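Colleague: Sharing target_10.csv (CSV, C-alpha atoms) below.
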chain,number,residue,atom,x,y,z
W,1,ASP,CA,-119.1,134.8,56.2
W,2,THR,CA,-117.6,132.5,58.8
W,3,CYS,CA,-113.9,131.6,59.0
W,4,TRP,CA,-111.6,129.4,60.9
W,5,VAL,CA,-108.9,130.3,63.4
W,6,GLU,CA,-106.0,128.5,65.0
W,7,CYS,CA,-104.2,129.1,68.3
W,8,THR,CA,-100.5,129.7,67.9
W,9,THR,CA,-99.5,130.2,71.6
W,10,ASN,CA,-100.6,129.2,75.1
W,11,SER,CA,-103.1,126.7,73.7
W,12,ILE,CA,-102.7,124.2,76.5
W,13,GLY,CA,-103.3,121.2,74.3
W,14,MET,CA,-106.3,122.8,72.5
W,15,ALA,CA,-106.6,120.7,69.4
W,16,GLY,CA,-107.8,121.7,66.0
W,17,LEU,CA,-109.3,124.8,64.6
W,18,GLY,CA,-112.1,127.0,65.9
W,19,ARG,CA,-114.9,128.2,63.7
W,20,VAL,CA,-115.9,131.8,64.1
W,21,LYS,CA,-119.6,131.9,64.7
W,22,GLY,CA,-120.0,135.6,65.2
W,23,VAL,CA,-118.4,138.9,66.3
W,24,LYS,CA,-120.3,141.4,68.4
W,25,ASP,CA,-119.3,144.3,70.7
W,26,GLY,CA,-115.6,143.3,70.5
W,27,LEU,CA,-116.2,139.7,71.4
W,28,ALA,CA,-115.8,136.7,69.1
W,29,THR,CA,-117.8,133.5,69.6
W,30,LEU,CA,-115.8,130.4,68.4
W,31,HIS,CA,-116.9,126.8,68.2
W,32,TRP,CA,-114.2,124.2,68.8
W,33,GLN,CA,-114.8,120.6,67.6
W,34,GLY,CA,-115.2,118.4,70.7
W,35,LEU,CA,-115.0,121.4,73.1
W,36,GLY,CA,-118.1,123.5,72.2
W,37,SER,CA,-118.5,127.2,71.9
W,38,TYR,CA,-116.6,129.9,73.8
W,39,VAL,CA,-116.6,133.7,73.8
W,40,TYR,CA,-113.2,135.5,73.5
W,41,GLY,CA,-112.2,139.2,74.0
W,42,SER,CA,-109.3,140.9,72.4
W,43,ASN,CA,-107.0,140.0,75.4
W,44,ASP,CA,-107.8,136.3,74.9
W,45,ILE,CA,-107.3,136.5,71.2
W,46,TYR,CA,-103.9,138.0,71.8
W,47,TYR,CA,-103.0,135.6,74.6
W,48,TYR,CA,-103.8,132.5,72.5
W,49,GLY,CA,-102.2,134.0,69.4
W,50,MET,CA,-105.4,133.3,67.4
W,51,ARG,CA,-105.0,133.9,63.7
W,52,ARG,CA,-107.3,133.3,60.7
W,53,THR,CA,-106.6,130.2,58.6
W,54,MET,CA,-108.2,128.3,55.8
W,55,ALA,CA,-109.9,124.9,56.4
W,56,ASP,CA,-111.8,122.4,54.4
W,57,CYS,CA,-115.6,122.0,54.8
W,58,THR,CA,-115.0,119.7,57.8
W,59,GLY,CA,-112.5,121.9,59.7
W,60,VAL,CA,-109.2,120.3,58.6
W,61,LYS,CA,-106.5,123.0,58.0
W,62,LEU,CA,-105.6,123.5,54.3
W,63,GLN,CA,-101.9,123.2,53.5
W,64,GLU,CA,-99.9,123.3,50.3
W,65,GLY,CA,-99.7,119.9,48.6
W,66,GLN,CA,-102.8,118.3,50.1
W,67,LEU,CA,-105.1,116.3,47.9
W,68,VAL,CA,-108.7,117.6,48.1
W,69,GLN,CA,-112.0,116.7,46.5
W,70,THR,CA,-115.2,118.6,45.9
W,71,LYS,CA,-118.7,117.2,46.8
W,72,ARG,CA,-119.1,116.5,43.0
W,73,GLY,CA,-115.9,114.2,43.1
W,74,ARG,CA,-113.5,116.6,41.4
W,75,GLN,CA,-110.0,116.2,42.8
W,76,GLY,CA,-107.2,118.7,43.0
W,77,ILE,CA,-104.1,119.7,44.8
W,78,VAL,CA,-103.7,122.7,47.1
W,79,LYS,CA,-101.1,124.9,45.5
W,80,THR,CA,-101.0,128.0,47.8
W,81,VAL,CA,-102.7,129.0,51.0
W,82,THR,CA,-103.1,132.4,52.6
W,83,ASP,CA,-105.1,133.5,55.7
W,84,TRP,CA,-108.0,134.5,53.3
W,85,ASN,CA,-108.0,132.1,50.4
W,86,ALA,CA,-106.5,129.0,48.8
W,87,CYS,CA,-105.4,128.2,45.3
W,88,ILE,CA,-106.4,124.7,44.2
W,89,VAL,CA,-105.3,123.1,41.0
W,90,PHE,CA,-107.7,120.7,39.4
W,91,GLY,CA,-106.5,118.2,36.8
W,92,GLY,CA,-102.9,117.9,38.0
W,93,TRP,CA,-100.3,120.6,38.3
W,94,GLY,CA,-100.8,121.6,34.7
W,95,GLY,CA,-104.6,122.0,35.2
W,96,GLU,CA,-106.6,125.1,35.9
W,97,ASP,CA,-106.0,127.1,39.1
W,98,GLY,CA,-108.9,128.2,41.2
W,99,TRP,CA,-108.8,130.7,44.0
W,100,TYR,CA,-111.2,129.9,46.8
W,101,GLU,CA,-112.3,131.9,49.8
W,102,GLN,CA,-113.7,130.0,52.8
W,103,ARG,CA,-117.3,130.5,51.7
W,104,HIS,CA,-116.4,128.8,48.3
W,105,VAL,CA,-114.7,125.9,50.0
W,106,ASP,CA,-117.8,125.4,52.1
W,107,LYS,CA,-120.2,125.8,49.2
W,108,ASP,CA,-118.3,123.4,47.0
W,109,GLY,CA,-117.9,120.9,49.8
W,110,ILE,CA,-114.1,120.8,49.4
W,111,ARG,CA,-112.5,118.4,51.8
W,112,VAL,CA,-109.0,117.1,52.4
W,113,LEU,CA,-108.6,113.5,51.2
W,114,THR,CA,-105.2,112.8,52.6
W,115,LEU,CA,-103.1,114.7,55.1
W,116,THR,CA,-100.0,113.5,53.2
W,117,ARG,CA,-98.6,116.5,51.3
W,118,ARG,CA,-97.6,116.0,47.7
W,119,SER,CA,-94.8,117.7,45.9
W,120,CYS,CA,-93.8,118.1,42.3
W,121,THR,CA,-90.5,117.1,40.8
W,122,ASN,CA,-89.4,116.6,37.3
W,123,ARG,CA,-91.2,113.3,37.4
W,124,GLY,CA,-94.5,114.9,38.3
W,125,CYS,CA,-96.5,115.0,41.5
W,126,GLY,CA,-96.2,112.3,44.1
W,127,GLY,CA,-96.3,111.7,47.8
W,128,ALA,CA,-93.8,113.8,49.8
Give the structure from the file, written as structure tokens.
Modeller:
Amino acid sequence: DTCWVECTTNSIGMAGLGRVKGVKDGLATLHWQGLGSYVYGSNDIYYYGMRRTMADCTGVKLQEGQLVQTKRGRQGIVKTVTDWNACIVFGGWGGEDGWYEQRHVDKDGIRVLTLTRRSCTNRGCGGA
């Protein structure tokens, strides 16, 4: 399975997330949108502070409170995100929770509809 990484240090303006295309002989090949593919060793990974993250099917980083939609039109809200999976609630905050690994996000075509994060209050969910 492929995954996404982000640079947390020394990125020199590197924008966005990189998609892991493969790992072989201690080297990782990453594809950066708009920059192309590059090969990184363990020293590079440490220097740039690369860490695994979750992204939608287009490479937008998943964050709590984002409104998302599947390729079938089902909408939900990102409830929790870890390095390995995301919990998405469909049907509002009272709806069913679904845990998604990156391969499930890609398979279901889950994409972020709005970068505006939503929050829940005693009046329900709304823009934050």
Colleague: Please measure the separation of atom CA of W:Thr2 and atom CA of W:Asn43, giving the value in Å to one decimal.
Modeller: 21.1 Å
Colleague: Using all atoms listed in the file, which protein or nucleic acid residues come within 7 Å of W:Ile77? Drop anything in the same chain fewer than 3 positions from it, and give the result as a list in words.
Modeller: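 With the cut-off at 7 Å, the set is Gly65, Gln66, Leu67, Val68, Ile88, Val89 and Phe90 of chain W.
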Colleague: Take the residues from that selection and write them out as a compact mmCIF listing (two decimals), in the coordinates of the input, keeping C-alpha atoms.
Modeller:
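As a result, result_39.txt now contains:
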# COMPACT_ATOMS: atom_id res chain seq x y z
CA GLY W 65 -99.70 119.90 48.60
CA GLN W 66 -102.80 118.30 50.10
CA LEU W 67 -105.10 116.30 47.90
CA VAL W 68 -108.70 117.60 48.10
CA ILE W 88 -106.40 124.70 44.20
CA VAL W 89 -105.30 123.10 41.00
CA PHE W 90 -107.70 120.70 39.40
Colleague: Could you check which of W:Thr53, W:Tyr100, W:Val23, W:Gly16 is closest to W:Leu35, using only C-alpha atoms?
Modeller: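 Checking each of W:Thr53, W:Tyr100, W:Val23, W:Gly16 against W:Leu35, counting only C-alpha atoms, the winner is W:Gly16.
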Colleague: Would you mind listing what lies within 10 Å of W:Gln63 as number ranges by chain, with only C-alpha atoms counted and same-chain residues fewer than 4 positions away left out?
Modeller: W: 53-56, 67, 77-82, 86, 112, 115-117
Colleague: Could you pull the residues within 10 Å of W:Gly34, counting all atoms listed in the file, minus those fewer than 2 positions along the same chain, as JSON, numbers by chain?
Modeller: {"W": [15, 16, 31, 32, 36, 37]}
Colleague: Which distance in Å separates atom CA of W:Gln69 and atom CA of W:Gly109, to one decimal?
Modeller: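 Answer for the atom CA of W:Gln69 to atom CA of W:Gly109 separation: 8.0 Å.
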Colleague: Which is closer to W:Asp83 than all the others in W:Lys71, W:Lys107, W:Lys61, W:Lys24, using all atoms listed in the file?
Modeller: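 Result for the nearest residue to W:Asp83: W:Lys61.
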Colleague: Take atom CA of W:Gly59 and atom CA of W:Thr29 and report the distance between them in Å, one decimal.
Modeller: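 Interatomic distance, atom CA of W:Gly59 to atom CA of W:Thr29: 16.1 Å.
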Colleague: Considering all atoms listed in the file, state which residue in the set W:Ser11, W:Arg74, W:Glu101, W:Met50 is at the smallest distance from W:Ala28.
Modeller: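 For W:Ala28, the nearest of the given residues is W:Met50.
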